[in-house]
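Shown next: target_4.txt, given as compact mmCIF, C-alpha atoms and all ligand atoms.
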```
# COMPACT_ATOMS: atom_id res chain seq x y z
CA MET A 18 0.00 0.00 0.00
CA ASN A 19 1.45 3.32 -1.02
CA ASP A 20 -0.68 5.76 0.97
CA LEU A 21 0.79 4.80 4.35
CA ALA A 22 2.93 7.92 4.45
CA SER A 23 -0.24 9.99 4.42
CA VAL A 24 -1.57 8.41 7.64
CA THR A 25 -1.22 11.21 10.18
CA SER A 26 -4.38 10.74 12.21
CA ARG A 27 -6.60 8.00 13.56
CA ALA A 28 -9.19 8.97 10.97
CA ASP A 29 -6.67 8.27 8.20
CA ALA A 30 -6.18 4.77 9.59
CA VAL A 31 -9.94 4.26 9.72
CA ALA A 32 -10.08 5.30 6.06
CA LEU A 33 -7.47 2.69 5.15
CA ASP A 34 -9.63 0.05 6.83
CA ALA A 35 -12.67 1.19 4.89
CA ALA A 36 -10.78 0.50 1.66
CA ASP A 37 -9.43 -2.87 2.83
CA PRO A 38 -10.97 -5.85 1.00
CA LEU A 39 -9.96 -8.18 3.87
CA LEU A 40 -11.89 -6.25 6.50
CA THR A 41 -15.10 -8.25 6.04
CA LEU A 42 -13.26 -11.48 6.83
CA ARG A 43 -12.29 -10.03 10.21
CA ASP A 44 -15.95 -10.43 11.18
CA GLU A 45 -15.47 -14.17 10.83
CA LEU A 46 -13.11 -14.13 13.79
CA LEU A 47 -14.13 -13.74 17.39
CA ILE A 48 -12.12 -10.82 18.73
CA PRO A 49 -13.48 -9.46 22.00
CA GLU A 50 -14.67 -5.85 21.96
CA GLY A 51 -12.06 -3.40 23.17
CA ILE A 52 -9.08 -5.67 22.50
CA VAL A 53 -6.32 -4.89 20.04
CA TYR A 54 -4.97 -8.36 19.41
CA LEU A 55 -1.37 -8.36 18.22
CA ASP A 56 -0.55 -11.90 19.24
CA GLY A 57 -1.99 -13.88 16.35
CA ASN A 58 1.57 -14.95 15.58
CA SER A 59 1.46 -16.92 18.83
CA LEU A 60 -2.20 -17.99 19.01
CA GLY A 61 -4.48 -17.08 16.13
CA PRO A 62 -7.95 -15.87 17.18
CA LEU A 63 -10.96 -18.19 17.05
CA PRO A 64 -12.89 -18.36 13.75
CA ARG A 65 -16.59 -17.94 14.50
CA ARG A 66 -17.37 -21.04 12.47
CA THR A 67 -15.14 -23.31 14.52
CA PRO A 68 -17.34 -23.91 17.60
CA GLY A 69 -20.32 -24.94 15.44
CA ARG A 70 -18.19 -27.25 13.34
CA VAL A 71 -16.55 -28.87 16.36
CA ARG A 72 -19.98 -29.24 17.98
CA GLU A 73 -21.21 -30.94 14.80
CA VAL A 74 -18.30 -33.39 14.87
CA LEU A 75 -19.00 -34.09 18.53
CA GLU A 76 -22.74 -34.39 18.49
CA ARG A 77 -23.64 -35.61 15.03
CA GLU A 78 -20.54 -37.46 13.87
CA TRP A 79 -19.21 -38.95 17.10
CA GLY A 80 -22.51 -38.84 18.98
CA GLN A 81 -24.76 -40.37 16.33
CA GLU A 82 -22.46 -42.34 14.07
CA LEU A 83 -20.06 -43.61 16.69
CA ILE A 84 -17.27 -45.72 15.19
CA ALA A 85 -18.83 -45.79 11.74
CA ALA A 86 -17.82 -42.13 11.43
CA TRP A 87 -14.25 -43.15 10.60
CA ASN A 88 -15.67 -44.29 7.28
CA THR A 89 -18.85 -42.26 6.85
CA CYS A 90 -17.59 -38.82 7.94
CA GLY A 91 -14.22 -38.80 6.24
CA TRP A 92 -12.28 -38.87 9.51
CA MET A 93 -9.48 -40.95 8.04
CA ASP A 94 -9.01 -38.45 5.22
CA LEU A 95 -8.55 -35.48 7.52
CA PRO A 96 -4.73 -35.60 7.80
CA SER A 97 -4.29 -35.51 4.03
CA ARG A 98 -7.31 -33.32 3.27
CA VAL A 99 -6.26 -30.58 5.67
CA GLY A 100 -2.65 -31.25 4.69
CA ASP A 101 -3.39 -30.59 1.03
CA ALA A 102 -5.25 -27.40 1.97
CA ILE A 103 -2.22 -26.18 3.92
CA GLY A 104 -0.10 -27.32 0.98
CA ARG A 105 -2.00 -24.85 -1.22
CA LEU A 106 -0.91 -22.06 1.16
CA VAL A 107 2.76 -23.00 0.96
CA GLY A 108 3.11 -23.90 -2.71
CA ALA A 109 2.91 -27.67 -2.33
CA ALA A 110 1.01 -29.72 -4.89
CA PRO A 111 -1.37 -32.32 -3.40
CA GLY A 112 -0.03 -35.51 -1.90
CA GLN A 113 2.99 -34.03 -0.12
CA THR A 114 1.59 -32.54 3.09
CA VAL A 115 -0.08 -34.21 6.07
CA VAL A 116 -1.35 -32.87 9.36
CA ALA A 117 -0.29 -34.78 12.44
CA ASP A 118 1.37 -34.48 15.82
CA SER A 119 3.06 -31.30 17.02
CA THR A 120 5.64 -29.25 15.15
CA SER A 121 8.32 -30.63 17.48
CA VAL A 122 7.41 -34.24 16.73
CA ASN A 123 7.27 -33.52 13.02
CA LEU A 124 10.69 -31.90 13.23
CA PHE A 125 12.00 -35.11 14.72
CA LYS A 126 10.45 -37.21 11.97
CA ALA A 127 11.68 -34.90 9.21
CA LEU A 128 15.17 -34.48 10.60
CA ALA A 129 15.72 -38.15 11.39
CA GLY A 130 14.38 -39.09 7.97
CA ALA A 131 16.64 -36.55 6.28
CA VAL A 132 19.77 -37.60 8.19
CA ARG A 133 19.20 -41.21 7.12
CA LEU A 134 19.06 -40.09 3.51
CA ARG A 135 22.58 -38.65 3.81
CA PRO A 136 24.61 -41.45 5.43
CA GLY A 137 28.22 -40.67 6.23
CA ARG A 138 27.62 -36.95 6.65
CA ARG A 139 27.97 -35.72 10.20
CA VAL A 140 26.52 -32.24 10.46
CA VAL A 141 23.04 -30.85 10.99
CA LEU A 142 23.58 -27.16 10.31
CA SER A 143 21.33 -24.55 11.89
CA GLU A 144 21.52 -21.02 13.17
CA ARG A 145 22.23 -19.47 16.53
CA GLY A 146 19.10 -17.91 17.93
CA GLY A 147 16.87 -20.39 16.11
CA PHE A 148 13.66 -21.49 17.77
CA PRO A 149 14.67 -23.62 20.75
CA THR A 150 12.54 -26.66 19.95
CA ASP A 151 14.28 -27.03 16.58
CA LEU A 152 17.66 -27.08 18.30
CA TYR A 153 16.50 -29.32 21.15
CA ILE A 154 15.09 -31.87 18.72
CA ALA A 155 18.35 -31.90 16.78
CA GLN A 156 20.29 -32.36 20.02
CA GLY A 157 18.00 -35.21 21.05
CA LEU A 158 18.45 -36.91 17.69
CA ALA A 159 22.23 -36.54 17.87
CA GLY A 160 22.17 -38.22 21.28
CA LEU A 161 20.01 -41.05 19.99
CA LEU A 162 22.37 -41.63 17.08
CA GLU A 163 25.25 -41.73 19.56
CA ASP A 164 26.83 -38.70 18.03
CA GLU A 165 27.07 -40.06 14.52
CA VAL A 166 25.68 -36.65 13.74
CA GLU A 167 26.13 -33.35 15.52
CA LEU A 168 24.25 -30.08 15.58
CA ARG A 169 26.32 -27.13 14.46
CA THR A 170 24.94 -23.62 14.83
CA VAL A 171 26.37 -20.49 13.23
CA ALA A 172 25.25 -16.88 12.92
CA PRO A 173 22.45 -16.47 10.36
CA GLU A 174 24.64 -14.55 7.93
CA ALA A 175 27.32 -17.28 8.07
CA LEU A 176 25.02 -20.12 7.01
CA ALA A 177 25.82 -20.25 3.32
CA ASP A 178 29.57 -20.35 4.01
CA ALA A 179 29.20 -22.99 6.70
CA LEU A 180 27.65 -25.50 4.29
CA ASP A 181 30.10 -28.13 3.14
CA ASP A 182 30.27 -31.72 2.01
CA ASP A 183 29.87 -32.96 5.56
CA THR A 184 26.50 -31.22 5.93
CA ALA A 185 23.69 -33.76 5.97
CA VAL A 186 20.85 -31.34 6.62
CA LEU A 187 20.28 -27.61 6.74
CA LEU A 188 17.62 -27.09 9.42
CA LEU A 189 16.14 -23.60 9.54
CA THR A 190 13.14 -21.59 10.57
CA HIS A 191 12.08 -19.48 7.60
CA VAL A 192 10.80 -16.52 9.66
CA SER A 193 12.49 -15.91 13.01
CA TYR A 194 10.15 -16.15 16.00
CA LEU A 195 12.21 -13.46 17.73
CA THR A 196 12.82 -10.78 15.14
CA GLY A 197 10.58 -11.73 12.23
CA ARG A 198 13.62 -11.76 9.93
CA MET A 199 12.87 -13.88 6.87
CA HIS A 200 15.45 -16.12 5.19
CA ASP A 201 15.69 -16.50 1.42
CA LEU A 202 14.32 -20.03 1.39
CA ALA A 203 14.96 -20.60 -2.30
CA ALA A 204 18.57 -19.39 -2.23
CA LEU A 205 19.52 -21.32 0.92
CA THR A 206 17.87 -24.45 -0.43
CA ASP A 207 19.91 -24.11 -3.62
CA ALA A 208 23.08 -23.56 -1.59
CA ALA A 209 22.38 -26.67 0.51
CA HIS A 210 21.71 -28.74 -2.60
CA ALA A 211 24.94 -27.53 -4.19
CA HIS A 212 26.72 -29.33 -1.33
CA GLY A 213 24.51 -32.40 -1.56
CA ALA A 214 22.67 -31.57 1.68
CA LEU A 215 18.93 -31.76 2.30
CA THR A 216 16.80 -29.01 3.82
CA VAL A 217 14.26 -29.10 6.63
CA TRP A 218 12.31 -25.83 6.85
CA ASP A 219 10.23 -24.82 9.85
CA LEU A 220 7.36 -22.70 8.55
CA ALA A 221 5.72 -22.01 11.93
CA HIS A 222 5.83 -18.24 11.35
CA SER A 223 5.34 -18.42 7.58
CA ALA A 224 2.32 -20.55 6.71
CA GLY A 225 -0.71 -18.35 6.15
CA VAL A 226 1.10 -15.01 6.26
CA VAL A 227 4.01 -14.94 3.81
CA PRO A 228 4.24 -16.49 0.36
CA VAL A 229 6.10 -19.80 0.30
CA GLU A 230 6.60 -21.95 -2.81
CA LEU A 231 7.93 -25.24 -1.48
CA ASP A 232 7.71 -27.09 -4.79
CA ALA A 233 9.04 -24.28 -6.96
CA TRP A 234 11.86 -23.50 -4.56
CA GLY A 235 12.95 -27.12 -4.40
CA ALA A 236 12.40 -27.69 -0.67
CA ASP A 237 12.90 -31.24 0.58
CA LEU A 238 11.07 -31.39 3.90
CA ALA A 239 9.13 -28.81 5.87
CA VAL A 240 7.07 -28.58 9.03
CA GLY A 241 4.81 -25.90 10.45
CA CYS A 242 2.40 -24.93 13.12
CA GLY A 243 -1.42 -25.04 13.11
CA TYR A 244 -2.24 -22.62 15.92
CA LYS A 245 -0.51 -19.43 14.81
CA TYR A 246 -1.44 -17.84 11.47
CA LEU A 247 -3.65 -20.84 10.60
CA HIS A 248 -6.13 -20.24 13.45
CA GLY A 249 -6.32 -23.92 14.43
CA GLY A 250 -6.66 -23.33 18.19
CA PRO A 251 -4.38 -23.98 21.16
CA GLY A 252 -2.22 -27.04 20.57
CA ALA A 253 -3.63 -27.57 17.07
CA PRO A 254 -1.84 -30.33 15.16
CA ALA A 255 1.05 -29.38 12.93
CA PHE A 256 1.93 -30.20 9.34
CA LEU A 257 4.71 -32.05 7.61
CA TYR A 258 5.71 -31.78 3.95
CA VAL A 259 7.78 -34.41 2.17
CA ALA A 260 8.59 -33.56 -1.45
CA HIS A 261 7.39 -36.11 -4.00
CA ALA A 262 10.96 -36.87 -5.05
CA LEU A 263 11.87 -38.07 -1.54
CA GLN A 264 8.74 -39.96 -0.67
CA GLY A 265 9.96 -43.34 -1.86
CA SER A 266 13.13 -43.20 0.22
CA PHE A 267 11.97 -41.18 3.26
CA ARG A 268 11.76 -43.36 6.35
CA ASN A 269 9.68 -42.20 9.28
CA PRO A 270 11.50 -43.06 12.52
CA LEU A 271 8.13 -43.12 14.33
CA SER A 272 6.86 -46.06 12.35
CA GLY A 273 3.36 -46.20 13.80
CA TRP A 274 0.46 -48.04 12.27
CA MET A 275 -1.16 -45.00 10.62
CA GLY A 276 1.89 -44.67 8.38
CA HIS A 277 1.67 -48.33 7.37
CA ALA A 278 0.70 -49.26 3.81
CA GLU A 279 -2.27 -51.22 5.19
CA PRO A 280 -3.01 -50.34 8.80
CA PHE A 281 -6.02 -52.61 8.94
CA ALA A 282 -4.19 -55.63 7.58
CA PHE A 283 -2.69 -55.85 11.09
CA ALA A 284 0.47 -57.34 9.63
CA PRO A 285 3.31 -58.08 12.07
CA ASP A 286 5.89 -56.06 10.14
CA TYR A 287 6.01 -52.40 9.29
CA ARG A 288 5.67 -51.55 5.61
CA PRO A 289 5.45 -47.81 4.88
CA ALA A 290 2.60 -46.31 2.88
CA ALA A 291 3.58 -45.40 -0.66
CA GLY A 292 3.20 -41.62 -0.40
CA VAL A 293 3.38 -38.93 2.24
CA GLY A 294 1.01 -41.02 4.37
CA ARG A 295 4.15 -42.75 5.65
CA ALA A 296 4.85 -39.58 7.63
CA LEU A 297 1.88 -40.33 9.90
CA CYS A 298 2.27 -42.19 13.16
CA GLY A 299 -0.90 -42.67 15.24
CA THR A 300 -4.64 -42.06 15.08
CA PRO A 301 -5.63 -38.59 13.81
CA PRO A 302 -6.93 -36.08 16.40
CA VAL A 303 -10.31 -35.63 14.72
CA LEU A 304 -11.69 -32.79 16.85
CA ALA A 305 -8.51 -30.76 16.53
CA LEU A 306 -8.32 -31.42 12.80
CA ALA A 307 -11.91 -30.26 12.33
CA ALA A 308 -11.07 -27.02 14.14
CA LEU A 309 -7.90 -26.51 12.14
CA GLU A 310 -9.76 -27.07 8.89
CA CYS A 311 -12.01 -24.07 9.67
CA GLY A 312 -9.00 -21.84 10.22
CA VAL A 313 -7.17 -23.01 7.11
CA ASP A 314 -10.31 -22.51 5.06
CA LEU A 315 -10.56 -18.90 6.22
CA VAL A 316 -6.93 -18.23 5.35
CA GLU A 317 -7.40 -19.80 1.95
CA ARG A 318 -10.44 -17.65 1.22
CA ALA A 319 -8.46 -14.53 2.09
CA GLY A 320 -5.52 -15.58 -0.11
CA VAL A 321 -1.88 -15.51 0.98
CA ALA A 322 -0.95 -12.71 -1.44
CA HIS A 323 -3.59 -10.39 0.06
CA LEU A 324 -2.68 -11.39 3.58
CA ARG A 325 0.98 -10.73 2.92
CA ALA A 326 0.33 -7.31 1.43
CA LYS A 327 -1.84 -6.27 4.36
CA SER A 328 0.49 -7.68 7.01
CA ALA A 329 3.46 -5.86 5.48
CA ALA A 330 1.49 -2.61 5.33
CA LEU A 331 0.37 -2.94 8.96
CA GLY A 332 3.94 -3.55 10.08
CA GLU A 333 5.18 -0.63 8.04
CA LEU A 334 2.57 1.71 9.50
CA PHE A 335 3.38 0.58 13.04
CA ILE A 336 7.12 1.06 12.56
CA ARG A 337 6.53 4.49 11.07
CA LEU A 338 4.36 5.53 14.03
CA VAL A 339 6.70 4.09 16.67
CA ASP A 340 9.69 5.74 15.01
CA ARG A 341 8.43 9.07 16.32
CA PHE A 342 9.14 8.18 19.95
CA ALA A 343 11.22 4.96 19.94
CA GLU A 344 14.62 6.45 20.49
CA ALA A 345 13.53 8.77 23.29
CA HIS A 346 12.24 5.76 25.24
CA GLY A 347 14.93 3.16 24.60
CA LEU A 348 12.99 1.10 22.07
CA ASP A 349 15.22 -0.49 19.48
CA LEU A 350 13.73 -2.03 16.33
CA ALA A 351 14.84 -5.68 16.26
CA SER A 352 13.06 -6.56 13.00
CA PRO A 353 14.26 -5.74 9.51
CA ARG A 354 12.87 -2.36 8.51
CA ASP A 355 12.44 -3.59 4.96
CA SER A 356 9.15 -5.49 4.87
CA GLU A 357 10.49 -7.71 2.08
CA ARG A 358 12.82 -9.25 4.64
CA ARG A 359 10.31 -9.36 7.49
CA GLY A 360 7.51 -11.83 8.24
CA GLY A 361 4.27 -10.97 10.01
CA GLN A 362 5.62 -9.44 13.19
CA VAL A 363 7.50 -6.37 14.35
CA SER A 364 9.85 -6.74 17.34
CA TYR A 365 11.50 -4.16 19.55
CA ARG A 366 14.16 -4.56 22.17
CA HIS A 367 13.60 -2.73 25.45
CA PRO A 368 15.39 -3.45 28.75
CA GLU A 369 12.00 -3.70 30.51
CA GLY A 370 10.17 -5.22 27.56
CA TYR A 371 8.16 -7.62 29.69
CA ALA A 372 6.75 -4.92 31.94
CA VAL A 373 5.99 -2.77 28.90
CA ILE A 374 3.98 -5.61 27.36
CA ARG A 375 2.10 -6.14 30.64
CA ALA A 376 1.30 -2.44 30.87
CA LEU A 377 -0.01 -2.53 27.30
CA ALA A 378 -2.19 -5.52 28.14
CA GLU A 379 -3.83 -3.43 30.88
CA ARG A 380 -4.85 -1.04 28.11
CA GLY A 381 -6.30 -3.87 26.05
CA VAL A 382 -3.37 -4.17 23.64
CA VAL A 383 -2.26 -7.79 23.57
CA ALA A 384 1.29 -8.41 22.34
CA ASP A 385 3.96 -10.62 23.87
CA PHE A 386 7.50 -10.87 25.12
CA ARG A 387 10.41 -13.18 24.40
CA THR A 388 13.42 -13.34 26.62
CA PRO A 389 15.73 -11.56 27.15
CA ASP A 390 14.28 -8.21 26.05
CA VAL A 391 12.09 -8.55 22.97
CA ALA A 392 8.55 -7.15 22.72
CA ARG A 393 6.73 -8.74 19.77
CA PHE A 394 3.82 -7.16 17.92
CA GLY A 395 2.14 -9.63 15.59
CA PHE A 396 0.32 -8.37 12.52
CA ALA A 397 -1.70 -11.47 11.73
CA PRO A 398 -3.65 -9.70 9.03
CA LEU A 399 -7.04 -11.39 9.25
CA GLY A 400 -7.70 -10.01 12.71
CA VAL A 401 -5.84 -6.70 12.75
CA ARG A 402 -7.07 -3.39 11.32
CA PHE A 403 -5.03 -0.32 10.45
CA VAL A 404 -6.77 1.49 13.27
CA ASP A 405 -5.50 -1.21 15.62
CA ALA A 406 -1.93 -0.49 14.55
CA TRP A 407 -2.61 3.19 15.16
CA ASP A 408 -4.14 2.59 18.61
CA ALA A 409 -1.38 0.17 19.62
CA ALA A 410 1.30 2.69 18.73
CA GLU A 411 -0.53 5.43 20.67
CA ASP A 412 -0.93 3.18 23.71
CA LEU A 413 2.72 2.20 23.53
CA ARG A 414 3.71 5.85 23.45
CA GLU A 415 1.56 6.65 26.48
CA VAL A 416 2.79 3.62 28.43
CA LEU A 417 6.35 4.80 27.90
CA GLU A 418 5.71 8.50 28.44
CA ASN A 419 3.75 7.91 31.65
CA GLY A 420 6.15 5.24 32.92
CA GLU A 421 3.19 2.88 33.33
CA TRP A 422 5.49 -0.12 33.08
CA GLU A 423 7.39 0.88 36.21
CA ARG A 424 4.98 -0.76 38.70
CA PRO A 425 7.05 -3.59 40.21
CA GLU A 426 4.31 -6.23 39.92
CA LEU A 427 4.39 -5.88 36.13
CA ALA A 428 7.96 -7.19 36.04
CA ARG A 429 7.03 -10.49 37.70
CA ARG A 430 6.80 -13.02 34.93
CA HIS A 431 3.84 -15.27 34.30
CA ARG A 432 4.46 -18.89 33.42
CA VAL A 433 3.70 -18.21 29.76
CA THR A 434 5.10 -14.93 28.49
C1 LIG B 1 5.61 -22.11 17.53
C2 LIG B 1 6.78 -22.81 16.97
C3 LIG B 1 6.91 -24.19 17.10
C4 LIG B 1 5.92 -24.95 17.91
O1 LIG B 1 6.26 -26.25 18.18
P1 LIG B 1 5.22 -27.16 18.97
O2 LIG B 1 5.82 -28.49 18.93
O3 LIG B 1 3.91 -27.06 18.24
O4 LIG B 1 5.08 -26.62 20.35
C5 LIG B 1 7.99 -24.80 16.47
N1 LIG B 1 8.88 -24.09 15.76
C6 LIG B 1 8.79 -22.75 15.65
C7 LIG B 1 9.79 -22.00 14.87
C8 LIG B 1 7.74 -22.08 16.27
O5 LIG B 1 7.66 -20.76 16.16
```
As structure tokens, what does this structure read like?
Ligand SMILES: *Cc1c(COP(=O)(O)O)cnc(C)c1O
Amino acid sequence: MNDLASVTSRADAVALDAADPLLTLRDELLIPEGIVYLDGNSLGPLPRRTPGRVREVLEREWGQELIAAWNTCGWMDLPSRVGDAIGRLVGAAPGQTVVADSTSVNLFKALAGAVRLRPGRRVVLSERGGFPTDLYIAQGLAGLLEDEVELRTVAPEALADALDDDTAVLLLTHVSYLTGRMHDLAALTDAAHAHGALTVWDLAHSAGVVPVELDAWGADLAVGCGYKYLHGGPGAPAFLYVAHALQGSFRNPLSGWMGHAEPFAFAPDYRPAAGVGRALCGTPPVLALAALECGVDLVERAGVAHLRAKSAALGELFIRLVDRFAEAHGLDLASPRDSERRGGQVSYRHPEGYAVIRALAERGVVADFRTPDVARFGFAPLGVRFVDAWDAAEDLREVLENGEWERPELARRHRVT
């Protein structure tokens, strides 16, 4: 959007909303009155359709059809049906994406499968400051393989140079949870391939908010999260992508019966399903999948290109507004200023970032904090209006100018920040 520079009043922001084609879809989310919700990058708001759909699965499908529903209500198809829908959001043709388990568990499956496809290579390469679960899972796998492989982390800008012929897998989060910085997925995938390494991409902060073209960019394996920009609800199942070219050789280390070629043959020996179904492990979480499907459907109706344009514009407006007072109050932009290199969030460092976020919450502006000093403002575009960005910036200014964050109880951390 090119008229952001002309936004100098709240009324200007309201006018931008009036011209926003995505605004009507915001009504399909439940966002409590009086709340400016800038945490959709952590937990996407509830689609209004979800409770009715989940109730239908409970009362009509489970309640009335009982066990027959596995066949009559398409329950068994859910992992691949919702997987293919997510695939459409991340540039994956059908038959390569399934929904199952958590992102962490899918990381384990993807990484272990990838390491096995590169025998003799020792290194899983990742970046310092990557999302902890990615690193923990790699450490756990290295331990299990009795240090046949090791995790090596380097600074993000040193990744391309750190690739070599001992690299089995490049494991990276596309959009940083901390700063929103976005990697060039295509270029790093090419660089990994040039050294014969495979890639595992974590799309937790990408799916549903920034364009991703897994097939076109040559990605090998990818995982991502259902409860952030996909509005699947707390603890929603995650997704796992295995490129067609790898499906015949990919071996799922969690060789449960749902990934078997014929689960109901009850054969004594594991034989993997032919396609991406081999990435499954146990019985699909039907209720959670039904909820996730509602969220994914909403994102698909909005269209990733529109969502991306709006999210970038919201972030740009917020940065522009906060620029006016940031320096005077010790706020330091931690995200790339260039929206081309930034995902859906804008992060600032502040020595008392946690207390600032708590003080904002008291004003009805919900953002979050990541240790040690990062305040994150998520511009999940389905639920956020331009006027929300305006109001959040104004509230932030007042919190800082009035020293509202200085009350000692605001510095005491909750269990979940
Ligand atoms: C949110 C997030 C996860 C979540 O993992 P879970 O296993 O679902 O808890 C994983 N990776 C990244 C980069 C995330 O941002």
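In terms of minimum interatomic distance to A:Val226, A:Glu317 ranks closest within A:Glu379, A:Glu317, A:Glu45, A:Asp408, counting all atoms listed in the file.
A straight line drawn from atom CA of A:Gly108 to atom CA of A:Gly273 is 27.7 Å long.
Here atom CA of A:Gly250 is placed at a distance of 25.7 Å from atom CA of A:Asp37.
Between atom CA of A:Glu165 and atom CA of A:Val217 there is a distance of 18.6 Å.
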Report task. Tell me which protein, DNA and RNA residues are within 8 Å of A:Phe267, counting all atoms listed in the file, leaving out same-chain ones fewer than 6 positions away, and put them as a PyMOL selection string. Result -> chain A and resi 130-131+134
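Compared by their closest atoms to ligand LIG 1 (chain B), and using only C-alpha atoms and all ligand atoms, the residues A:Glu76, A:Asp151, A:Asp232, A:Glu415 rank with A:Asp151 nearest.
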Query raised in the report: Using all atoms listed in the file, which of the listed residues (A:Leu128, A:Leu158, A:Ala208, A:Val171) sits closest to A:Arg145?
Result: A:Val171
Query raised in the report: Given a cut-off of 9 Å, what residues near ligand LIG 1 (chain B) show up using only C-alpha atoms and all ligand atoms, put as an NGL selection string?
Result: :A and (58-60 or 118-124 or 147-151 or 189-195 or 219-222 or 240-245 or 252-255)
Okay, now the selection with C-alpha atoms, as a CSV table (one decimal), keeping the file's coordinate frame?
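Saved the output as part18.csv:
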```
chain,number,residue,atom,x,y,z
A,58,ASN,CA,1.6,-15.0,15.6
A,59,SER,CA,1.5,-16.9,18.8
A,60,LEU,CA,-2.2,-18.0,19.0
A,118,ASP,CA,1.4,-34.5,15.8
A,119,SER,CA,3.1,-31.3,17.0
A,120,THR,CA,5.6,-29.2,15.2
A,121,SER,CA,8.3,-30.6,17.5
A,122,VAL,CA,7.4,-34.2,16.7
A,123,ASN,CA,7.3,-33.5,13.0
A,124,LEU,CA,10.7,-31.9,13.2
A,147,GLY,CA,16.9,-20.4,16.1
A,148,PHE,CA,13.7,-21.5,17.8
A,149,PRO,CA,14.7,-23.6,20.8
A,150,THR,CA,12.5,-26.7,20.0
A,151,ASP,CA,14.3,-27.0,16.6
A,189,LEU,CA,16.1,-23.6,9.5
A,190,THR,CA,13.1,-21.6,10.6
A,191,HIS,CA,12.1,-19.5,7.6
A,192,VAL,CA,10.8,-16.5,9.7
A,193,SER,CA,12.5,-15.9,13.0
A,194,TYR,CA,10.2,-16.2,16.0
A,195,LEU,CA,12.2,-13.5,17.7
A,219,ASP,CA,10.2,-24.8,9.8
A,220,LEU,CA,7.4,-22.7,8.6
A,221,ALA,CA,5.7,-22.0,11.9
A,222,HIS,CA,5.8,-18.2,11.4
A,240,VAL,CA,7.1,-28.6,9.0
A,241,GLY,CA,4.8,-25.9,10.4
A,242,CYS,CA,2.4,-24.9,13.1
A,243,GLY,CA,-1.4,-25.0,13.1
A,244,TYR,CA,-2.2,-22.6,15.9
A,245,LYS,CA,-0.5,-19.4,14.8
A,252,GLY,CA,-2.2,-27.0,20.6
A,253,ALA,CA,-3.6,-27.6,17.1
A,254,PRO,CA,-1.8,-30.3,15.2
A,255,ALA,CA,1.0,-29.4,12.9
```
Report task. Check the smallest atom-to-atom distance from each of A:Thr216, A:Pro270, A:Ser97, A:Pro251 to A:Leu162 using all atoms listed in the file, then report the winner. Result -> A:Pro270
Requested in this report: For A:Ala175, work out the shell of residues within 12 Å, counting only C-alpha atoms and skipping chain neighbours fewer than 4 positions away, then give it as an MDAnalysis selection string.
Outcome: chainID A and resid 142:145 169:171 179:180 205
Report summary line: Residue with the minimum atom-to-atom distance to A:Arg358, picked from A:Asp201, A:Pro301, A:Gly249, A:Asp286 with all atoms listed in the file counted, is A:Asp201
